[in-house]
$ cat coords-v7.tsv   # TSV, C-alpha atoms
chain	number	residue	atom	x	y	z
A	1	MET	CA	0.00	0.00	0.00
A	2	ARG	CA	2.84	2.38	-0.72
A	3	ARG	CA	2.84	5.21	-3.21
A	4	SER	CA	4.70	4.90	-6.47
A	5	ARG	CA	5.06	8.71	-6.36
A	6	PRO	CA	4.28	11.28	-3.67
A	7	THR	CA	0.82	12.75	-3.92
A	8	GLY	CA	-0.92	15.85	-2.64
A	9	ARG	CA	1.21	18.65	-1.27
A	10	ALA	CA	4.21	16.30	-0.97
A	11	ALA	CA	4.34	15.90	-4.76
A	12	PHE	CA	4.55	19.66	-5.26
A	13	ALA	CA	7.14	20.00	-2.49
A	14	GLU	CA	9.69	18.40	-4.81
A	15	LEU	CA	9.49	21.61	-6.87
A	16	ALA	CA	10.56	23.85	-3.96
A	17	ALA	CA	14.13	24.48	-5.19
A	18	PRO	CA	15.14	28.16	-4.76
A	19	ASP	CA	15.58	28.70	-8.50
A	20	ALA	CA	12.44	26.79	-9.58
A	21	ALA	CA	9.80	28.51	-11.67
A	22	PRO	CA	6.59	29.21	-9.76
A	23	VAL	CA	3.63	26.86	-9.63
A	24	ALA	CA	0.46	28.19	-11.24
A	25	ASP	CA	-2.73	27.81	-9.18
A	26	LEU	CA	-5.42	28.35	-11.80
A	27	CYS	CA	-8.89	29.39	-10.67
A	28	CYS	CA	-7.31	29.91	-7.24
A	29	GLY	CA	-10.48	31.24	-5.58
A	30	ILE	CA	-9.79	32.71	-2.15
A	31	GLY	CA	-6.52	30.80	-1.97
A	32	ALA	CA	-6.90	27.68	0.18
A	33	ASP	CA	-4.77	25.48	-2.10
A	34	LEU	CA	-2.48	28.37	-2.93
A	35	LEU	CA	-1.68	28.85	0.77
A	36	ALA	CA	-1.04	25.12	1.21
A	37	LEU	CA	1.42	25.11	-1.70
A	38	ALA	CA	3.20	28.23	-0.48
A	39	GLY	CA	3.31	26.76	3.01
A	40	ALA	CA	5.19	23.79	1.56
A	41	GLY	CA	7.92	26.17	0.41
A	42	LEU	CA	6.91	26.74	-3.22
A	43	ALA	CA	6.68	29.96	-5.12
A	44	VAL	CA	3.07	30.16	-6.29
A	45	GLU	CA	1.15	32.44	-8.62
A	46	GLY	CA	-2.61	32.30	-8.34
A	47	VAL	CA	-4.81	33.31	-11.25
A	48	ASP	CA	-8.48	34.14	-10.95
A	49	LEU	CA	-10.94	35.94	-13.20
A	50	ASP	CA	-13.03	37.52	-10.43
A	51	PRO	CA	-11.61	40.77	-8.95
A	52	LEU	CA	-13.22	40.36	-5.53
A	53	THR	CA	-12.11	36.74	-5.20
A	54	ALA	CA	-8.54	37.65	-6.22
A	55	ALA	CA	-8.50	40.48	-3.65
A	56	VAL	CA	-9.60	38.10	-0.89
A	57	ALA	CA	-6.89	35.64	-1.90
A	58	GLU	CA	-4.28	38.42	-1.69
A	59	ALA	CA	-5.54	39.36	1.76
A	60	ASN	CA	-5.31	35.74	2.88
A	61	ILE	CA	-1.74	35.52	1.63
A	62	GLY	CA	-0.82	38.58	3.66
A	63	ALA	CA	-2.57	37.32	6.77
A	64	ALA	CA	-0.65	34.03	6.50
A	65	GLY	CA	2.68	35.82	6.13
A	66	LEU	CA	3.36	34.22	2.76
A	67	SER	CA	3.69	37.31	0.58
A	68	GLU	CA	7.29	36.47	-0.30
A	69	ARG	CA	6.26	33.17	-1.88
A	70	ALA	CA	2.75	33.75	-3.20
A	71	ARG	CA	0.94	36.31	-5.28
A	72	VAL	CA	-2.32	36.55	-7.19
A	73	ARG	CA	-3.00	38.16	-10.50
A	74	LEU	CA	-6.31	38.91	-12.12
A	75	GLY	CA	-6.66	37.08	-15.39
A	76	ASP	CA	-8.14	34.34	-17.52
A	77	ALA	CA	-6.61	31.00	-16.51
A	78	THR	CA	-7.17	29.62	-20.01
A	79	GLU	CA	-4.71	32.16	-21.45
A	80	ILE	CA	-1.66	31.34	-19.34
A	81	ARG	CA	1.50	29.85	-20.85
A	82	ALA	CA	1.60	26.63	-18.90
A	83	ALA	CA	5.10	25.67	-20.04
A	84	GLU	CA	6.55	28.72	-18.24
A	85	TYR	CA	5.61	27.30	-14.83
A	86	SER	CA	7.21	24.40	-12.99
A	87	ALA	CA	3.75	22.90	-12.55
A	88	VAL	CA	0.10	23.74	-13.00
A	89	PHE	CA	-2.60	23.08	-10.42
A	90	CYS	CA	-6.24	23.62	-11.29
A	91	ASP	CA	-9.47	23.16	-9.38
A	92	PRO	CA	-12.08	24.20	-11.97
A	93	ALA	CA	-15.36	25.67	-10.76
A	94	ARG	CA	-17.93	22.91	-10.26
A	95	ARG	CA	-20.88	25.09	-9.35
A	96	GLY	CA	-23.15	27.10	-11.61
A	97	ARG	CA	-26.13	29.31	-11.06
A	98	ARG	CA	-28.30	26.26	-10.43
A	99	GLY	CA	-25.94	24.62	-7.97
A	100	ARG	CA	-23.41	21.80	-8.24
A	101	VAL	CA	-22.30	20.75	-11.73
A	102	PHE	CA	-21.84	17.00	-12.26
A	103	ASP	CA	-20.88	16.89	-15.94
A	104	PRO	CA	-17.15	17.78	-16.22
A	105	ARG	CA	-17.80	19.25	-19.65
A	106	ALA	CA	-19.74	21.99	-17.83
A	107	TYR	CA	-16.87	22.89	-15.46
A	108	SER	CA	-15.38	26.36	-15.73
A	109	PRO	CA	-12.92	26.35	-17.42
A	110	SER	CA	-14.15	23.47	-19.54
A	111	TRP	CA	-12.74	20.01	-18.85
A	112	ASP	CA	-10.90	19.74	-22.17
A	113	THR	CA	-9.26	23.13	-21.59
A	114	VAL	CA	-8.12	22.25	-18.07
A	115	VAL	CA	-6.65	18.92	-19.21
A	116	GLU	CA	-4.80	20.59	-22.06
A	117	LEU	CA	-3.28	23.21	-19.69
A	118	ALA	CA	-2.09	20.46	-17.35
A	119	ARG	CA	-0.56	18.55	-20.28
A	120	ARG	CA	1.39	21.59	-21.48
A	121	ALA	CA	3.11	22.11	-18.13
A	122	PRO	CA	6.14	20.06	-17.02
A	123	ALA	CA	3.90	18.66	-14.26
A	124	GLY	CA	0.25	19.14	-13.46
A	125	CYS	CA	-2.57	18.29	-11.12
A	126	VAL	CA	-6.28	18.71	-11.77
A	127	LYS	CA	-8.79	18.38	-8.96
A	128	ALA	CA	-12.24	17.07	-9.88
A	129	ALA	CA	-15.41	15.79	-8.25
A	130	PRO	CA	-15.26	12.34	-6.60
A	131	GLY	CA	-17.79	11.01	-9.08
A	132	LEU	CA	-15.73	11.98	-12.14
A	133	PRO	CA	-16.72	9.52	-14.89
A	134	HIS	CA	-13.89	7.16	-15.73
A	135	GLU	CA	-14.35	7.88	-19.41
A	136	SER	CA	-13.41	11.51	-18.69
A	137	ILE	CA	-9.96	10.50	-17.43
A	138	PRO	CA	-7.42	11.09	-20.21
A	139	ASP	CA	-4.80	8.55	-21.18
A	140	GLY	CA	-1.34	8.76	-19.65
A	141	VAL	CA	-2.27	10.24	-16.27
A	142	ALA	CA	-2.28	8.89	-12.73
A	143	ALA	CA	-5.75	9.00	-11.17
A	144	GLU	CA	-6.23	9.23	-7.42
A	145	TRP	CA	-9.44	9.13	-5.37
A	146	VAL	CA	-9.26	10.71	-1.92
A	147	SER	CA	-11.52	9.98	1.02
A	148	VAL	CA	-11.64	11.63	4.43
A	149	ASP	CA	-13.08	9.62	7.31
A	150	TRP	CA	-14.85	7.23	4.90
A	151	GLU	CA	-16.33	9.91	2.63
A	152	VAL	CA	-14.92	10.28	-0.89
A	153	LYS	CA	-14.06	13.94	-1.33
A	154	GLU	CA	-12.31	14.35	-4.66
A	155	THR	CA	-10.52	12.92	-7.66
A	156	ALA	CA	-7.03	14.15	-8.47
A	157	LEU	CA	-5.40	13.61	-11.85
A	158	TRP	CA	-1.60	13.82	-12.05
A	159	PHE	CA	0.20	14.76	-15.26
A	160	GLY	CA	3.74	14.87	-16.61
A	161	ALA	CA	6.52	14.58	-14.03
A	162	PHE	CA	3.98	13.79	-11.31
A	163	THR	CA	3.12	10.44	-12.90
A	164	GLY	CA	6.64	9.07	-12.42
A	165	THR	CA	7.89	6.33	-14.72
A	166	GLY	CA	6.18	3.23	-15.98
A	167	THR	CA	2.47	2.67	-16.37
A	168	PRO	CA	0.33	5.48	-14.89
A	169	SER	CA	-1.39	4.27	-11.76
A	170	ARG	CA	-4.79	4.25	-10.16
A	171	ARG	CA	-4.73	4.77	-6.42
A	172	ALA	CA	-6.94	5.40	-3.44
A	173	THR	CA	-5.73	7.68	-0.65
A	174	LEU	CA	-7.56	7.34	2.65
A	175	LEU	CA	-7.31	9.92	5.43
A	176	ARG	CA	-8.45	8.79	8.87
A	177	THR	CA	-8.73	11.06	11.91
A	178	ARG	CA	-7.61	9.23	15.03
A	179	THR	CA	-10.15	9.48	17.81
A	180	GLY	CA	-8.82	11.42	20.77
A	181	SER	CA	-5.56	12.72	19.32
A	182	GLY	CA	-7.05	14.28	16.21
A	183	GLU	CA	-4.02	13.11	14.23
A	184	VAL	CA	-4.59	12.12	10.62
A	185	GLU	CA	-3.38	8.76	9.33
A	186	THR	CA	-2.83	8.45	5.59
A	187	THR	CA	-2.95	5.20	3.64
A	188	THR	CA	-2.54	4.91	-0.13
A	189	LEU	CA	-3.55	1.78	-2.02
A	190	THR	CA	-2.05	1.42	-5.50
A	191	GLY	CA	-3.12	-0.99	-8.21
A	192	ARG	CA	-1.01	-4.16	-8.59
A	193	GLY	CA	-2.66	-5.48	-11.71
A	194	LEU	CA	-4.54	-8.23	-9.91
A	195	GLY	CA	-7.16	-10.14	-11.79
A	196	ALA	CA	-10.74	-10.53	-10.70
A	197	PRO	CA	-11.00	-11.66	-7.06
A	198	PRO	CA	-12.52	-15.05	-6.25
A	199	VAL	CA	-16.20	-15.36	-5.34
A	200	SER	CA	-17.44	-17.09	-2.20
A	201	GLU	CA	-20.55	-17.77	-0.21
A	202	PRO	CA	-20.81	-15.58	2.92
A	203	LEU	CA	-18.08	-16.34	5.45
A	204	ARG	CA	-17.65	-15.15	9.03
A	205	TYR	CA	-16.72	-11.54	8.24
A	206	LEU	CA	-18.00	-8.99	5.74
A	207	TYR	CA	-15.73	-6.17	4.57
A	208	GLU	CA	-17.12	-2.96	3.10
A	209	PRO	CA	-14.38	-1.21	1.07
A	210	ASP	CA	-13.98	2.53	1.37
A	211	GLY	CA	-15.65	4.41	-1.48
A	212	ALA	CA	-12.26	5.59	-2.77
A	213	VAL	CA	-11.16	1.96	-3.09
A	214	VAL	CA	-14.32	1.22	-5.08
A	215	ARG	CA	-14.03	4.30	-7.28
A	216	SER	CA	-10.40	3.48	-8.10
A	217	HIS	CA	-11.35	-0.09	-9.11
A	218	LEU	CA	-9.02	-1.54	-6.47
A	219	VAL	CA	-11.45	-3.90	-4.77
A	220	ALA	CA	-9.28	-6.87	-5.80
A	221	GLU	CA	-6.35	-5.37	-3.91
A	222	ALA	CA	-8.56	-4.80	-0.86
A	223	ALA	CA	-9.80	-8.39	-1.02
A	224	ALA	CA	-6.24	-9.68	-1.16
A	225	ALA	CA	-5.35	-7.61	1.92
A	226	VAL	CA	-7.96	-9.48	4.01
A	227	ASP	CA	-7.60	-12.91	2.36
A	228	GLY	CA	-11.12	-12.45	1.05
A	229	ALA	CA	-13.45	-13.04	-1.85
A	230	LEU	CA	-16.45	-11.24	-3.28
A	231	LEU	CA	-20.01	-12.23	-2.44
A	232	ASP	CA	-20.94	-11.35	-6.01
A	233	PRO	CA	-18.50	-10.56	-8.86
A	234	ALA	CA	-20.27	-7.27	-9.65
A	235	ILE	CA	-20.70	-5.92	-6.10
A	236	ALA	CA	-18.02	-4.50	-3.80
A	237	TYR	CA	-18.67	-6.56	-0.69
A	238	ILE	CA	-15.82	-8.81	0.46
A	239	THR	CA	-16.24	-11.87	2.65
A	240	SER	CA	-13.54	-13.66	4.60
A	241	ASP	CA	-12.91	-15.98	7.55
A	242	SER	CA	-9.94	-13.78	8.53
A	243	LEU	CA	-10.32	-10.80	10.84
A	244	VAL	CA	-7.86	-8.15	9.67
A	245	ARG	CA	-7.47	-4.59	10.84
A	246	THR	CA	-7.29	-2.48	7.70
A	247	PRO	CA	-8.02	1.16	6.89
A	248	LEU	CA	-9.26	0.00	3.49
A	249	CYS	CA	-12.56	-1.43	4.74
A	250	ARG	CA	-15.12	-1.40	7.50
A	251	VAL	CA	-15.56	-4.89	8.92
A	252	TYR	CA	-18.65	-6.63	10.27
A	253	GLU	CA	-19.17	-10.02	11.85
A	254	VAL	CA	-21.92	-11.90	10.03
A	255	ARG	CA	-24.56	-13.30	12.39
A	256	GLU	CA	-27.16	-14.53	9.93
A	257	VAL	CA	-27.65	-14.70	6.15
A	258	MET	CA	-31.09	-14.95	4.56
A	259	PRO	CA	-32.84	-14.27	1.26
A	260	PHE	CA	-34.42	-10.86	1.64
A	261	SER	CA	-37.94	-10.89	3.07
A	262	LEU	CA	-39.39	-8.06	5.13
A	263	LYS	CA	-41.34	-10.47	7.30
A	264	ARG	CA	-38.39	-12.72	7.93
A	265	LEU	CA	-36.02	-9.82	8.58
A	266	ARG	CA	-38.42	-8.20	11.03
A	267	ALA	CA	-38.81	-11.49	12.92
A	268	ALA	CA	-35.06	-12.04	13.12
A	269	LEU	CA	-34.43	-8.54	14.47
A	270	ARG	CA	-37.23	-8.75	17.02
A	271	GLU	CA	-35.95	-12.13	18.19
A	272	ARG	CA	-32.61	-10.45	18.93
A	273	GLY	CA	-34.23	-7.50	20.70
A	274	VAL	CA	-32.95	-5.06	18.08
A	275	GLY	CA	-34.46	-1.60	18.17
A	276	THR	CA	-31.76	0.31	16.26
A	277	VAL	CA	-30.46	-0.68	12.84
A	278	THR	CA	-27.77	0.68	10.55
A	279	VAL	CA	-28.73	-0.22	7.00
A	280	LYS	CA	-26.05	-0.71	4.34
A	281	LYS	CA	-26.79	-1.59	0.75
A	282	ARG	CA	-25.04	-2.27	-2.53
A	283	GLY	CA	-26.76	-3.89	-5.47
A	284	SER	CA	-30.15	-3.69	-3.76
A	285	ALA	CA	-33.30	-1.93	-4.95
A	286	VAL	CA	-34.84	-1.76	-1.46
A	287	ASP	CA	-36.01	1.70	-0.34
A	288	VAL	CA	-34.10	2.12	2.94
A	289	GLN	CA	-36.37	4.77	4.44
A	290	ARG	CA	-39.46	2.71	3.74
A	291	LEU	CA	-37.76	-0.38	5.17
A	292	ARG	CA	-37.01	1.44	8.41
A	293	ARG	CA	-40.67	2.40	8.75
A	294	ASP	CA	-41.93	-1.08	7.90
A	295	LEU	CA	-39.65	-2.85	10.38
A	296	ARG	CA	-41.35	-1.14	13.37
A	297	LEU	CA	-38.61	-2.19	15.79
A	298	ALA	CA	-38.28	-1.72	19.52
A	299	GLY	CA	-35.60	-3.07	21.81
A	300	PRO	CA	-32.28	-2.28	23.50
A	301	GLU	CA	-29.96	-3.96	20.96
A	302	SER	CA	-28.49	-2.68	17.70
A	303	ALA	CA	-27.50	-4.40	14.48
A	304	VAL	CA	-26.12	-3.71	11.02
A	305	VAL	CA	-28.41	-4.85	8.20
A	306	VAL	CA	-26.63	-5.34	4.87
A	307	LEU	CA	-28.82	-5.52	1.77
A	308	THR	CA	-27.19	-6.87	-1.34
A	309	ARG	CA	-27.54	-9.30	-4.21
A	310	ILE	CA	-25.86	-12.66	-4.62
A	311	GLY	CA	-26.28	-13.81	-8.18
A	312	SER	CA	-29.82	-12.88	-9.18
A	313	ARG	CA	-31.33	-13.10	-5.68
A	314	PRO	CA	-31.63	-10.30	-3.11
A	315	TYR	CA	-30.08	-11.18	0.24
A	316	CYS	CA	-29.94	-9.74	3.72
A	317	LEU	CA	-27.04	-10.17	6.15
A	318	LEU	CA	-27.46	-9.45	9.85
A	319	CYS	CA	-24.14	-8.21	11.17
A	320	ALA	CA	-22.36	-6.56	14.08
A	321	GLU	CA	-19.68	-3.96	13.43
A	322	VAL	CA	-16.21	-5.00	14.61
A	323	GLY	CA	-14.29	-2.28	16.46
A	324	SER	CA	-10.72	-1.55	15.42
A	325	GLU	CA	-9.44	-2.79	18.79
A	326	GLU	CA	-10.94	-6.20	18.06
A	327	ALA	CA	-9.12	-6.73	14.78
A	328	GLY	CA	-5.65	-8.17	14.81
$ encode --input "coords-v7.tsv" --output "structure tokens"
Amino acid sequence: MRRSRPTGRAAFAELAAPDAAPVADLCCGIGADLLALAGAGLAVEGVDLDPLTAAVAEANIGAAGLSERARVRLGDATEIRAAEYSAVFCDPARRGRRGRVFDPRAYSPSWDTVVELARRAPAGCVKAAPGLPHESIPDGVAAEWVSVDWEVKETALWFGAFTGTGTPSRRATLLRTRTGSGEVETTTLTGRGLGAPPVSEPLRYLYEPDGAVVRSHLVAEAAAAVDGALLDPAIAYITSDSLVRTPLCRVYEVREVMPFSLKRLRAALRERGVGTVTVKKRGSAVDVQRLRRDLRLAGPESAVVVLTRIGSRPYCLLCAEVGSEEAG
């Protein structure tokens, strides 16, 4: 689970030589990423088309004491000469007048323009939405999906020198905040070219891969990490008899497996005195909110209900979440 190349701010930090050309932060907004890059020791030039936004970014630079390394200029990011910078970073606008934009072709600047700017620079990084369609990822780049505390936050595409040598990779980077200390633990899973994982009937434990692992198509690597197999070849649930502590997946102990039936599920939960359920689903058409109402539960116990499909049949797994201290 090691990186083939540094990612995030660490990747840009390699460009912090005193005589290096500045990094361009295109569409810099009020400067959050710009400040992070400057804080890593880089010279950074932000570019933004909106005068007020650029003025706020300049004020933030001054407040952070980074005026010697960072500056902002008003301008059209699409008109820069990318080759004159050591690297280009771009987080295109993903909101329009009607709210969030999901089609990358509707980003501002347009997706094709942003990709072309990143290609022209010696190195480049483009930040995109976590649900970026895989068909929108250009050839020859490294693609990284980032999650924070189990929620996928973004996709990052790495160009040029940032891709390293060899075949461009797919990777999932998982940030976990440690309870109590507040420290952040980082894990990166990189593709190893594994084939399709084996398929198995439900075993003692069920592993739910992090969304970044799923988005990066690295479920086979996650299954190998827990000596597991898939319940269904098309669904990202892993089953195993091994209990493994891993930041790649949540883990549940399977208590009962049954074909899905509201009546049977309700009876099983009531028999266990379950009044509180956490419902998980992948590959299931069940309406979760309606299911909660129809169960009409009462009792002191809690359970995790996993709705999925095995082959062509809908199934339900009654589970208990395994705490990290229980996994070896």
$ residues_near_point --input "coords-v7.tsv" --point "(-24.8, -9.3, 5.9)" --cutoff "9 Å" --atoms "all atoms listed in the file" --output "ChimeraX atom specification"
/A:202,205-206,252-258,280,304-308,315-320
$ atom_distance --input "coords-v7.tsv" --atom1 "CA of Ala83 in chain A" --atom2 "CA of Gly160 in chain A"
11.4 Å
$ atom_distance --input "coords-v7.tsv" --atom1 "CA of Asp149 in chain A" --atom2 "CA of Arg176 in chain A"
5.0 Å
$ residues_around --input "coords-v7.tsv" --residues "Gly31 in chain A" --least-positions-apart "5" --cutoff "12 Å" --atoms "all atoms listed in the file" --output "ChimeraX atom specification"
/A:24-26,36-39,44-48,53-64,66,70-73,90-91
$ atom_distance --input "coords-v7.tsv" --atom1 "CA of Leu34 in chain A" --atom2 "CA of Ser110 in chain A"
20.9 Å
$ closest_atom_pairs --input "coords-v7.tsv" --of "range 245-313 of chain A" --to "range 178-196 of chain A" --cutoff "10 Å" --atoms "all atoms listed in the file" --output "JSON lines"
{"residue": "A:Thr246", "atom": "CA", "partner": "A:Thr187", "partner_atom": "CA", "distance": 9.7}
{"residue": "A:Pro247", "atom": "CA", "partner": "A:Thr187", "partner_atom": "CA", "distance": 7.3}
{"residue": "A:Leu248", "atom": "CA", "partner": "A:Leu189", "partner_atom": "CA", "distance": 8.1}
$ axis_aligned_box --input "coords-v7.tsv" --around "range 294-307 of chain A" --padding-each-side "6 Å" --output "lines of an AutoDock Vina configuration file"
center_x = -34.0
center_y = -3.3
center_z = 12.6
size_x = 27.8
size_y = 16.4
size_z = 33.7
$ closest_residue --input "coords-v7.tsv" --among "A:Ala87, A:Val251, A:Leu230, A:Leu157" --to "Ala129 in chain A" --atoms "only C-alpha atoms"
A:Leu157
$ decode --input "coords-v7.tsv" --residues "range 218-228 of chain A" --atoms "all heavy atoms" --output "mmCIF file, in the first residue's frame"
data_model
loop_
_atom_site.group_PDB
_atom_site.id
_atom_site.type_symbol
_atom_site.label_atom_id
_atom_site.label_comp_id
_atom_site.auth_asym_id
_atom_site.auth_seq_id
_atom_site.Cartn_x
_atom_site.Cartn_y
_atom_site.Cartn_z
ATOM 1 N N LEU A 218 -10.060 -0.803 -7.173
ATOM 2 C CA LEU A 218 -9.016 -1.541 -6.471
ATOM 3 C C LEU A 218 -9.607 -2.498 -5.440
ATOM 4 O O LEU A 218 -8.971 -2.819 -4.432
ATOM 5 C CB LEU A 218 -8.037 -0.566 -5.800
ATOM 6 C CG LEU A 218 -7.252 0.345 -6.761
ATOM 7 C CD1 LEU A 218 -6.368 1.302 -5.971
ATOM 8 C CD2 LEU A 218 -6.414 -0.479 -7.729
ATOM 9 N N VAL A 219 -10.806 -2.975 -5.703
ATOM 10 C CA VAL A 219 -11.446 -3.905 -4.771
ATOM 11 C C VAL A 219 -10.668 -5.217 -4.711
ATOM 12 O O VAL A 219 -10.578 -5.858 -3.649
ATOM 13 C CB VAL A 219 -12.916 -4.141 -5.170
ATOM 14 C CG1 VAL A 219 -13.556 -5.218 -4.301
ATOM 15 C CG2 VAL A 219 -13.711 -2.839 -5.048
ATOM 16 N N ALA A 220 -10.074 -5.637 -5.814
ATOM 17 C CA ALA A 220 -9.282 -6.872 -5.797
ATOM 18 C C ALA A 220 -8.108 -6.745 -4.839
ATOM 19 O O ALA A 220 -7.781 -7.689 -4.102
ATOM 20 C CB ALA A 220 -8.788 -7.201 -7.206
ATOM 21 N N GLU A 221 -7.472 -5.586 -4.818
ATOM 22 C CA GLU A 221 -6.354 -5.366 -3.906
ATOM 23 C C GLU A 221 -6.830 -5.372 -2.450
ATOM 24 O O GLU A 221 -6.150 -5.892 -1.560
ATOM 25 C CB GLU A 221 -5.660 -4.039 -4.233
ATOM 26 C CG GLU A 221 -4.746 -4.075 -5.449
ATOM 27 C CD GLU A 221 -5.466 -4.090 -6.789
ATOM 28 O OE1 GLU A 221 -6.719 -3.995 -6.806
ATOM 29 O OE2 GLU A 221 -4.799 -4.189 -7.822
ATOM 30 N N ALA A 222 -8.005 -4.778 -2.210
ATOM 31 C CA ALA A 222 -8.555 -4.797 -0.856
ATOM 32 C C ALA A 222 -8.908 -6.215 -0.425
ATOM 33 O O ALA A 222 -8.679 -6.609 0.727
ATOM 34 C CB ALA A 222 -9.787 -3.891 -0.783
ATOM 35 N N ALA A 223 -9.464 -7.001 -1.341
ATOM 36 C CA ALA A 223 -9.803 -8.393 -1.018
ATOM 37 C C ALA A 223 -8.543 -9.189 -0.689
ATOM 38 O O ALA A 223 -8.532 -9.997 0.254
ATOM 39 C CB ALA A 223 -10.554 -9.031 -2.181
ATOM 40 N N ALA A 224 -7.481 -8.965 -1.428
ATOM 41 C CA ALA A 224 -6.235 -9.679 -1.157
ATOM 42 C C ALA A 224 -5.677 -9.314 0.217
ATOM 43 O O ALA A 224 -5.079 -10.155 0.897
ATOM 44 C CB ALA A 224 -5.216 -9.369 -2.254
ATOM 45 N N ALA A 225 -5.883 -8.070 0.638
ATOM 46 C CA ALA A 225 -5.354 -7.614 1.923
ATOM 47 C C ALA A 225 -6.023 -8.299 3.104
ATOM 48 O O ALA A 225 -5.458 -8.351 4.200
ATOM 49 C CB ALA A 225 -5.511 -6.103 2.046
ATOM 50 N N VAL A 226 -7.236 -8.825 2.906
ATOM 51 C CA VAL A 226 -7.960 -9.475 4.011
ATOM 52 C C VAL A 226 -8.186 -10.956 3.732
ATOM 53 O O VAL A 226 -8.994 -11.593 4.402
ATOM 54 C CB VAL A 226 -9.298 -8.761 4.289
ATOM 55 C CG1 VAL A 226 -9.065 -7.315 4.680
ATOM 56 C CG2 VAL A 226 -10.257 -8.862 3.103
ATOM 57 N N ASP A 227 -7.453 -11.500 2.738
ATOM 58 C CA ASP A 227 -7.597 -12.905 2.358
ATOM 59 C C ASP A 227 -9.057 -13.220 2.069
ATOM 60 O O ASP A 227 -9.613 -14.201 2.553
ATOM 61 C CB ASP A 227 -7.066 -13.807 3.484
ATOM 62 C CG ASP A 227 -6.940 -15.269 3.043
ATOM 63 O OD1 ASP A 227 -6.803 -15.511 1.835
ATOM 64 O OD2 ASP A 227 -7.022 -16.156 3.916
ATOM 65 N N GLY A 228 -9.693 -12.348 1.261
ATOM 66 C CA GLY A 228 -11.123 -12.453 1.055
ATOM 67 C C GLY A 228 -11.534 -12.712 -0.376
ATOM 68 O O GLY A 228 -10.713 -12.801 -1.293
#
